[in-house]
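Novice: Input structure: work.cif, which contains mmCIF, N, CA and C atoms.
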```cif
data_input
#
loop_
_atom_site.group_PDB
_atom_site.id
_atom_site.type_symbol
_atom_site.label_atom_id
_atom_site.label_comp_id
_atom_site.auth_asym_id
_atom_site.auth_seq_id
_atom_site.Cartn_x
_atom_site.Cartn_y
_atom_site.Cartn_z
ATOM 1 N N MET A 1 0.847 -1.172 0.000
ATOM 2 C CA MET A 1 0.000 0.000 0.000
ATOM 3 C C MET A 1 0.888 1.228 0.000
ATOM 4 N N ALA A 2 0.450 2.260 -0.661
ATOM 5 C CA ALA A 2 1.217 3.496 -0.764
ATOM 6 C C ALA A 2 1.186 4.225 0.565
ATOM 7 N N ALA A 3 2.253 5.051 0.817
ATOM 8 C CA ALA A 3 2.368 5.744 2.096
ATOM 9 C C ALA A 3 1.529 7.007 2.127
ATOM 10 N N GLY A 4 0.948 7.404 1.041
ATOM 11 C CA GLY A 4 0.200 8.661 0.982
ATOM 12 C C GLY A 4 -1.262 8.491 1.318
ATOM 13 N N ARG A 5 -1.984 9.471 1.008
ATOM 14 C CA ARG A 5 -3.398 9.538 1.310
ATOM 15 C C ARG A 5 -4.215 8.700 0.323
ATOM 16 N N TYR A 6 -3.715 8.601 -0.865
ATOM 17 C CA TYR A 6 -4.436 7.895 -1.918
ATOM 18 C C TYR A 6 -3.712 6.606 -2.280
ATOM 19 N N LYS A 7 -4.426 5.700 -2.927
ATOM 20 C CA LYS A 7 -3.829 4.441 -3.364
ATOM 21 C C LYS A 7 -2.935 4.643 -4.576
ATOM 22 N N SER A 8 -3.204 5.675 -5.331
ATOM 23 C CA SER A 8 -2.438 5.944 -6.545
ATOM 24 C C SER A 8 -1.132 6.647 -6.193
ATOM 25 N N ARG A 9 -0.029 6.067 -6.658
ATOM 26 C CA ARG A 9 1.275 6.702 -6.406
ATOM 27 C C ARG A 9 1.391 8.021 -7.150
ATOM 28 N N LEU A 10 0.825 8.103 -8.326
ATOM 29 C CA LEU A 10 0.879 9.340 -9.109
ATOM 30 C C LEU A 10 0.120 10.456 -8.394
ATOM 31 N N LEU A 11 -1.045 10.149 -7.886
ATOM 32 C CA LEU A 11 -1.844 11.159 -7.189
ATOM 33 C C LEU A 11 -1.147 11.605 -5.906
ATOM 34 N N ASN A 12 -0.563 10.674 -5.164
ATOM 35 C CA ASN A 12 0.183 11.028 -3.957
ATOM 36 C C ASN A 12 1.381 11.920 -4.295
ATOM 37 N N TYR A 13 2.061 11.589 -5.383
ATOM 38 C CA TYR A 13 3.213 12.390 -5.815
ATOM 39 C C TYR A 13 2.774 13.805 -6.177
ATOM 40 N N LEU A 14 1.677 13.941 -6.906
ATOM 41 C CA LEU A 14 1.182 15.260 -7.306
ATOM 42 C C LEU A 14 0.750 16.092 -6.092
ATOM 43 N N VAL A 15 0.109 15.452 -5.132
ATOM 44 C CA VAL A 15 -0.315 16.153 -3.909
ATOM 45 C C VAL A 15 0.917 16.615 -3.126
ATOM 46 N N GLU A 16 1.902 15.736 -3.015
ATOM 47 C CA GLU A 16 3.124 16.097 -2.289
ATOM 48 C C GLU A 16 3.842 17.266 -2.967
ATOM 49 N N GLN A 17 3.916 17.245 -4.281
ATOM 50 C CA GLN A 17 4.558 18.333 -5.008
ATOM 51 C C GLN A 17 3.790 19.643 -4.837
ATOM 52 N N ALA A 18 2.474 19.570 -4.864
ATOM 53 C CA ALA A 18 1.651 20.765 -4.684
ATOM 54 C C ALA A 18 1.870 21.357 -3.287
ATOM 55 N N GLN A 19 1.985 20.501 -2.284
ATOM 56 C CA GLN A 19 2.214 20.974 -0.920
ATOM 57 C C GLN A 19 3.602 21.613 -0.790
ATOM 58 N N GLN A 20 4.581 21.021 -1.433
ATOM 59 C CA GLN A 20 5.928 21.605 -1.402
ATOM 60 C C GLN A 20 5.950 22.973 -2.071
ATOM 61 N N ILE A 21 5.287 23.085 -3.216
ATOM 62 C CA ILE A 21 5.233 24.368 -3.923
ATOM 63 C C ILE A 21 4.531 25.410 -3.056
ATOM 64 N N GLN A 22 3.448 24.978 -2.405
ATOM 65 C CA GLN A 22 2.704 25.901 -1.542
ATOM 66 C C GLN A 22 3.563 26.375 -0.370
ATOM 67 N N SER A 23 4.293 25.486 0.279
ATOM 68 C CA SER A 23 5.116 25.890 1.429
ATOM 69 C C SER A 23 6.302 26.748 0.976
ATOM 70 N N GLN A 24 6.885 26.419 -0.182
ATOM 71 C CA GLN A 24 7.992 27.227 -0.689
ATOM 72 C C GLN A 24 7.523 28.631 -1.075
ATOM 73 N N THR A 25 6.337 28.711 -1.654
ATOM 74 C CA THR A 25 5.780 30.014 -2.019
ATOM 75 C C THR A 25 5.495 30.843 -0.769
ATOM 76 N N ALA A 26 4.918 30.214 0.244
ATOM 77 C CA ALA A 26 4.618 30.933 1.489
ATOM 78 C C ALA A 26 5.910 31.430 2.140
ATOM 79 N N ARG A 27 6.950 30.570 2.163
ATOM 80 C CA ARG A 27 8.227 30.986 2.737
ATOM 81 C C ARG A 27 8.847 32.127 1.928
ATOM 82 N N GLY A 28 8.768 32.051 0.619
ATOM 83 C CA GLY A 28 9.295 33.121 -0.233
ATOM 84 C C GLY A 28 8.572 34.439 -0.004
ATOM 85 N N LEU A 29 7.256 34.376 0.143
ATOM 86 C CA LEU A 29 6.491 35.595 0.405
ATOM 87 C C LEU A 29 6.845 36.188 1.770
ATOM 88 N N ARG A 30 7.027 35.332 2.788
ATOM 89 C CA ARG A 30 7.423 35.822 4.119
ATOM 90 C C ARG A 30 8.786 36.494 4.048
ATOM 91 N N GLN A 31 9.722 35.873 3.339
ATOM 92 C CA GLN A 31 11.057 36.454 3.213
ATOM 93 C C GLN A 31 11.019 37.769 2.442
ATOM 94 N N ALA A 32 10.195 37.833 1.399
ATOM 95 C CA ALA A 32 10.075 39.071 0.619
ATOM 96 C C ALA A 32 9.482 40.186 1.480
ATOM 97 N N ARG A 33 8.457 39.839 2.260
ATOM 98 C CA ARG A 33 7.842 40.844 3.127
ATOM 99 C C ARG A 33 8.837 41.348 4.170
ATOM 100 N N THR A 34 9.599 40.430 4.763
ATOM 101 C CA THR A 34 10.609 40.824 5.746
ATOM 102 C C THR A 34 11.661 41.714 5.109
ATOM 103 N N GLY A 35 12.100 41.364 3.921
ATOM 104 C CA GLY A 35 13.087 42.182 3.213
ATOM 105 C C GLY A 35 12.561 43.571 2.896
ATOM 106 N N LEU A 36 11.307 43.653 2.480
ATOM 107 C CA LEU A 36 10.720 44.963 2.186
ATOM 108 C C LEU A 36 10.601 45.816 3.447
ATOM 109 N N VAL A 37 10.169 45.215 4.546
ATOM 110 C CA VAL A 37 10.033 45.960 5.806
ATOM 111 C C VAL A 37 11.400 46.459 6.276
ATOM 112 N N TRP A 38 12.391 45.584 6.248
ATOM 113 C CA TRP A 38 13.732 45.982 6.688
ATOM 114 C C TRP A 38 14.295 47.063 5.768
ATOM 115 N N GLY A 39 14.105 46.916 4.484
ATOM 116 C CA GLY A 39 14.587 47.918 3.537
ATOM 117 C C GLY A 39 13.940 49.277 3.775
ATOM 118 N N ALA A 40 12.629 49.266 3.997
ATOM 119 C CA ALA A 40 11.931 50.524 4.271
ATOM 120 C C ALA A 40 12.449 51.155 5.563
ATOM 121 N N GLN A 41 12.687 50.333 6.579
ATOM 122 C CA GLN A 41 13.205 50.865 7.841
ATOM 123 C C GLN A 41 14.586 51.463 7.658
ATOM 124 N N ILE A 42 15.427 50.792 6.891
ATOM 125 C CA ILE A 42 16.778 51.308 6.656
ATOM 126 C C ILE A 42 16.729 52.628 5.905
ATOM 127 N N LEU A 43 15.827 52.740 4.933
ATOM 128 C CA LEU A 43 15.738 53.968 4.149
ATOM 129 C C LEU A 43 15.093 55.109 4.932
ATOM 130 N N LEU A 44 14.148 54.791 5.798
ATOM 131 C CA LEU A 44 13.422 55.843 6.523
ATOM 132 C C LEU A 44 14.098 56.275 7.817
ATOM 133 N N TYR A 45 15.016 55.482 8.344
ATOM 134 C CA TYR A 45 15.640 55.811 9.627
ATOM 135 C C TYR A 45 16.368 57.160 9.609
ATOM 136 N N PRO A 46 17.138 57.502 8.573
ATOM 137 C CA PRO A 46 17.775 58.834 8.572
ATOM 138 C C PRO A 46 16.757 59.980 8.616
ATOM 139 N N LEU A 47 15.623 59.801 7.962
ATOM 140 C CA LEU A 47 14.580 60.830 8.029
ATOM 141 C C LEU A 47 14.024 60.950 9.444
ATOM 142 N N TYR A 48 13.838 59.816 10.105
ATOM 143 C CA TYR A 48 13.347 59.813 11.479
ATOM 144 C C TYR A 48 14.332 60.518 12.411
ATOM 145 N N VAL A 49 15.620 60.223 12.250
ATOM 146 C CA VAL A 49 16.646 60.844 13.097
ATOM 147 C C VAL A 49 16.665 62.351 12.873
ATOM 148 N N ALA A 50 16.586 62.782 11.627
ATOM 149 C CA ALA A 50 16.580 64.223 11.333
ATOM 150 C C ALA A 50 15.352 64.891 11.942
ATOM 151 N N PHE A 51 14.206 64.233 11.846
ATOM 152 C CA PHE A 51 12.983 64.796 12.422
ATOM 153 C C PHE A 51 13.099 64.927 13.935
ATOM 154 N N GLN A 52 13.591 63.879 14.595
ATOM 155 C CA GLN A 52 13.736 63.943 16.049
ATOM 156 C C GLN A 52 14.741 65.011 16.461
ATOM 157 N N ALA A 53 15.825 65.132 15.719
ATOM 158 C CA ALA A 53 16.834 66.151 16.038
ATOM 159 C C ALA A 53 16.242 67.541 15.893
ATOM 160 N N SER A 54 15.449 67.762 14.856
ATOM 161 C CA SER A 54 14.844 69.088 14.684
ATOM 162 C C SER A 54 13.836 69.368 15.793
ATOM 163 N N ARG A 55 13.128 68.343 16.263
ATOM 164 C CA ARG A 55 12.205 68.545 17.384
ATOM 165 C C ARG A 55 12.958 68.957 18.647
ATOM 166 N N VAL A 56 14.065 68.280 18.931
ATOM 167 C CA VAL A 56 14.838 68.579 20.132
ATOM 168 C C VAL A 56 15.423 69.980 20.044
ATOM 169 N N VAL A 57 15.983 70.317 18.889
ATOM 170 C CA VAL A 57 16.561 71.655 18.715
ATOM 171 C C VAL A 57 15.474 72.715 18.830
ATOM 172 N N GLY A 58 14.323 72.461 18.230
ATOM 173 C CA GLY A 58 13.217 73.411 18.330
ATOM 174 C C GLY A 58 12.757 73.602 19.761
ATOM 175 N N ARG A 59 12.695 72.519 20.512
ATOM 176 C CA ARG A 59 12.285 72.602 21.919
ATOM 177 C C ARG A 59 13.306 73.406 22.723
ATOM 178 N N GLN A 60 14.597 73.161 22.476
ATOM 179 C CA GLN A 60 15.634 73.895 23.199
ATOM 180 C C GLN A 60 15.621 75.367 22.818
ATOM 181 N N MET A 61 15.394 75.649 21.552
ATOM 182 C CA MET A 61 15.338 77.047 21.115
ATOM 183 C C MET A 61 14.142 77.760 21.750
ATOM 184 N N GLY A 62 13.029 77.045 21.871
ATOM 185 C CA GLY A 62 11.849 77.623 22.502
ATOM 186 C C GLY A 62 12.100 77.941 23.969
ATOM 187 N N ARG A 63 12.793 77.042 24.653
ATOM 188 C CA ARG A 63 13.123 77.303 26.054
ATOM 189 C C ARG A 63 14.064 78.487 26.172
ATOM 190 N N ALA A 64 15.030 78.563 25.276
ATOM 191 C CA ALA A 64 15.999 79.654 25.337
ATOM 192 C C ALA A 64 15.310 80.986 25.069
ATOM 193 N N ALA A 65 14.336 80.996 24.170
ATOM 194 C CA ALA A 65 13.635 82.238 23.859
ATOM 195 C C ALA A 65 12.713 82.646 25.003
ATOM 196 N N ALA A 66 12.149 81.663 25.701
ATOM 197 C CA ALA A 66 11.217 81.957 26.782
ATOM 198 C C ALA A 66 11.936 82.321 28.077
ATOM 199 N N ALA A 67 13.164 81.902 28.240
ATOM 200 C CA ALA A 67 13.904 82.164 29.475
ATOM 201 C C ALA A 67 14.290 83.637 29.548
ATOM 202 N N PRO A 68 14.243 84.213 30.746
ATOM 203 C CA PRO A 68 14.668 85.615 30.868
ATOM 204 C C PRO A 68 16.157 85.728 30.584
ATOM 205 N N ARG A 69 16.476 86.754 29.879
ATOM 206 C CA ARG A 69 17.873 86.923 29.499
ATOM 207 C C ARG A 69 18.609 87.706 30.569
ATOM 208 N N GLN A 70 19.712 87.170 30.984
ATOM 209 C CA GLN A 70 20.551 87.844 31.957
ATOM 210 C C GLN A 70 21.743 88.417 31.219
ATOM 211 N N LEU A 71 21.936 89.686 31.411
ATOM 212 C CA LEU A 71 23.070 90.318 30.754
ATOM 213 C C LEU A 71 24.348 89.941 31.495
ATOM 214 N N ILE A 72 25.323 89.618 30.755
ATOM 215 C CA ILE A 72 26.603 89.265 31.351
ATOM 216 C C ILE A 72 27.385 90.548 31.558
ATOM 217 N N GLN A 73 27.713 90.803 32.815
ATOM 218 C CA GLN A 73 28.462 92.007 33.135
ATOM 219 C C GLN A 73 29.912 91.627 33.358
ATOM 220 N N PRO A 74 30.799 92.439 32.831
ATOM 221 C CA PRO A 74 32.214 92.118 33.041
ATOM 222 C C PRO A 74 32.566 92.270 34.520
ATOM 223 N N PRO A 75 33.440 91.442 35.017
ATOM 224 C CA PRO A 75 33.810 91.547 36.432
ATOM 225 C C PRO A 75 34.525 92.876 36.691
ATOM 226 N N GLU A 76 34.228 93.393 37.848
ATOM 227 C CA GLU A 76 34.866 94.655 38.213
ATOM 228 C C GLU A 76 36.339 94.397 38.515
ATOM 229 N N THR A 77 37.152 95.291 38.057
ATOM 230 C CA THR A 77 38.571 95.159 38.370
ATOM 231 C C THR A 77 38.803 95.715 39.764
ATOM 232 N N GLN A 78 39.466 94.939 40.583
ATOM 233 C CA GLN A 78 39.723 95.360 41.955
ATOM 234 C C GLN A 78 41.180 95.784 42.088
ATOM 235 N N SER A 79 41.338 96.830 42.863
ATOM 236 C CA SER A 79 42.704 97.241 43.144
ATOM 237 C C SER A 79 43.264 96.346 44.243
ATOM 238 N N ALA A 80 44.531 96.423 44.468
ATOM 239 C CA ALA A 80 45.180 95.557 45.443
ATOM 240 C C ALA A 80 44.684 95.813 46.856
ATOM 241 N N ASP A 81 44.270 97.058 47.161
ATOM 242 C CA ASP A 81 43.832 97.357 48.521
ATOM 243 C C ASP A 81 42.314 97.274 48.674
ATOM 244 N N GLN A 82 41.584 96.737 47.681
ATOM 245 C CA GLN A 82 40.134 96.636 47.762
ATOM 246 C C GLN A 82 39.692 95.764 48.933
ATOM 247 N N PRO A 83 40.294 94.604 49.216
ATOM 248 C CA PRO A 83 39.863 93.827 50.382
ATOM 249 C C PRO A 83 40.019 94.601 51.683
ATOM 250 N N LEU A 84 41.090 95.370 51.814
ATOM 251 C CA LEU A 84 41.292 96.176 53.013
ATOM 252 C C LEU A 84 40.214 97.249 53.129
ATOM 253 N N LYS A 85 39.870 97.862 52.007
ATOM 254 C CA LYS A 85 38.797 98.871 52.011
ATOM 255 C C LYS A 85 37.473 98.231 52.420
ATOM 256 N N ASN A 86 37.219 97.006 51.955
ATOM 257 C CA ASN A 86 35.978 96.312 52.331
ATOM 258 C C ASN A 86 35.925 96.055 53.831
ATOM 259 N N VAL A 87 37.047 95.643 54.427
ATOM 260 C CA VAL A 87 37.100 95.381 55.865
ATOM 261 C C VAL A 87 36.884 96.674 56.642
ATOM 262 N N LEU A 88 37.526 97.751 56.216
ATOM 263 C CA LEU A 88 37.362 99.033 56.898
ATOM 264 C C LEU A 88 35.934 99.556 56.775
ATOM 265 N N LYS A 89 35.327 99.357 55.603
ATOM 266 C CA LYS A 89 33.947 99.809 55.421
ATOM 267 C C LYS A 89 33.015 99.032 56.348
ATOM 268 N N ARG A 90 33.253 97.722 56.462
ATOM 269 C CA ARG A 90 32.443 96.885 57.341
ATOM 270 C C ARG A 90 32.666 97.283 58.809
ATOM 271 N N ALA A 91 33.902 97.567 59.179
ATOM 272 C CA ALA A 91 34.192 97.994 60.554
ATOM 273 C C ALA A 91 33.505 99.320 60.854
ATOM 274 N N GLN A 92 33.503 100.224 59.894
ATOM 275 C CA GLN A 92 32.843 101.521 60.094
ATOM 276 C C GLN A 92 31.341 101.333 60.266
ATOM 277 N N MET A 93 30.755 100.400 59.492
ATOM 278 C CA MET A 93 29.315 100.145 59.625
ATOM 279 C C MET A 93 28.999 99.583 61.007
ATOM 280 N N LEU A 94 29.842 98.662 61.479
ATOM 281 C CA LEU A 94 29.631 98.108 62.813
ATOM 282 C C LEU A 94 29.840 99.166 63.886
ATOM 283 N N ALA A 95 30.796 100.040 63.658
ATOM 284 C CA ALA A 95 31.039 101.121 64.623
ATOM 285 C C ALA A 95 29.852 102.061 64.669
ATOM 286 N N ASP A 96 29.287 102.334 63.518
ATOM 287 C CA ASP A 96 28.112 103.207 63.479
ATOM 288 C C ASP A 96 26.937 102.573 64.214
ATOM 289 N N GLN A 97 26.881 101.260 64.214
ATOM 290 C CA GLN A 97 25.806 100.558 64.914
ATOM 291 C C GLN A 97 26.116 100.386 66.395
ATOM 292 N N GLY A 98 27.324 100.685 66.815
ATOM 293 C CA GLY A 98 27.694 100.605 68.218
ATOM 294 C C GLY A 98 28.225 99.251 68.632
ATOM 295 N N ALA A 99 28.464 98.356 67.714
ATOM 296 C CA ALA A 99 28.908 97.012 68.073
ATOM 297 C C ALA A 99 30.337 97.001 68.562
ATOM 298 N N ILE A 100 31.180 97.820 67.988
ATOM 299 C CA ILE A 100 32.575 97.827 68.424
ATOM 300 C C ILE A 100 32.958 99.213 68.909
ATOM 301 N N GLN A 101 32.043 99.905 69.499
ATOM 302 C CA GLN A 101 32.280 101.281 69.952
ATOM 303 C C GLN A 101 33.392 101.324 70.988
ATOM 304 N N GLY A 102 33.387 100.375 71.908
ATOM 305 C CA GLY A 102 34.412 100.360 72.956
ATOM 306 C C GLY A 102 35.776 100.029 72.411
ATOM 307 N N ALA A 103 35.884 99.218 71.413
ATOM 308 C CA ALA A 103 37.165 98.815 70.859
ATOM 309 C C ALA A 103 37.824 99.957 70.111
ATOM 310 N N ILE A 104 37.036 100.804 69.493
ATOM 311 C CA ILE A 104 37.594 101.921 68.722
ATOM 312 C C ILE A 104 38.004 103.061 69.675
ATOM 313 N N ALA A 105 37.297 103.225 70.778
ATOM 314 C CA ALA A 105 37.559 104.336 71.687
ATOM 315 C C ALA A 105 38.868 104.148 72.433
ATOM 316 N N ARG A 106 39.373 103.019 72.618
ATOM 317 C CA ARG A 106 40.608 102.795 73.383
ATOM 318 C C ARG A 106 41.783 103.348 72.740
#
```
As structure tokens, please, write out the structure in this file.
Specialist:
Amino acid sequence: MAAGRYKSRLLNYLVEQAQQIQSQTARGLRQARTGLVWGAQILLYPLYVAFQASRVVGRQMGRAAAAPRQLIQPPETQSADQPLKNVLKRAQMLADQGAIQGAIAR
């Protein structure tokens, strides 16, 4: 008896060949679809990256425009005796308040 579904060896052979063609076609279509999807992703990825970069830059520019602008002032040049003047000014303020009145009077 034949190993197939039918008693006829020719019919079993034809059915087996049809099934092989069907499975090979299905596998080929799956591979083609996968290749097309991957190809589209590879081609579109640079556009996606550019779009995301422009969004980030736009967001940062918007924050920079909305933030209050602080003017940068050049640092004041100090003379060599400026720290001493600061100490004397502070001592005079304390003296005016009476905190070191006794120390200055001696």
Novice: For a test of reading the model, state the distance in Å between atom N of A:Gln20 and atom C of A:Val37, rounded to one decimal.
Specialist: 27.4 Å
Novice: Just the helix (DSSP H, G or I) stuff from chain A, please, per backbone DSSP, written as a ChimeraX atom specification.
Specialist: /A:9-66,82-97,101-105
Novice: Quick one, how far is atom C of A:Gly39 from atom N of A:Ala53?
Specialist: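 Straight-line distance from atom C of A:Gly39 to atom N of A:Ala53 works out to 19.9 Å.
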Novice: Write out as JSON an axis-aligned box for stretch 40-51 of chain A: all of its atoms listed in the file, 8 Å added on each side, centre and edge lengths in Å with one decimal.
Specialist:
```
{"center_x": 14.9, "center_y": 57.1, "center_z": 9.0, "size_x": 21.8, "size_y": 31.7, "size_z": 25.9}
```
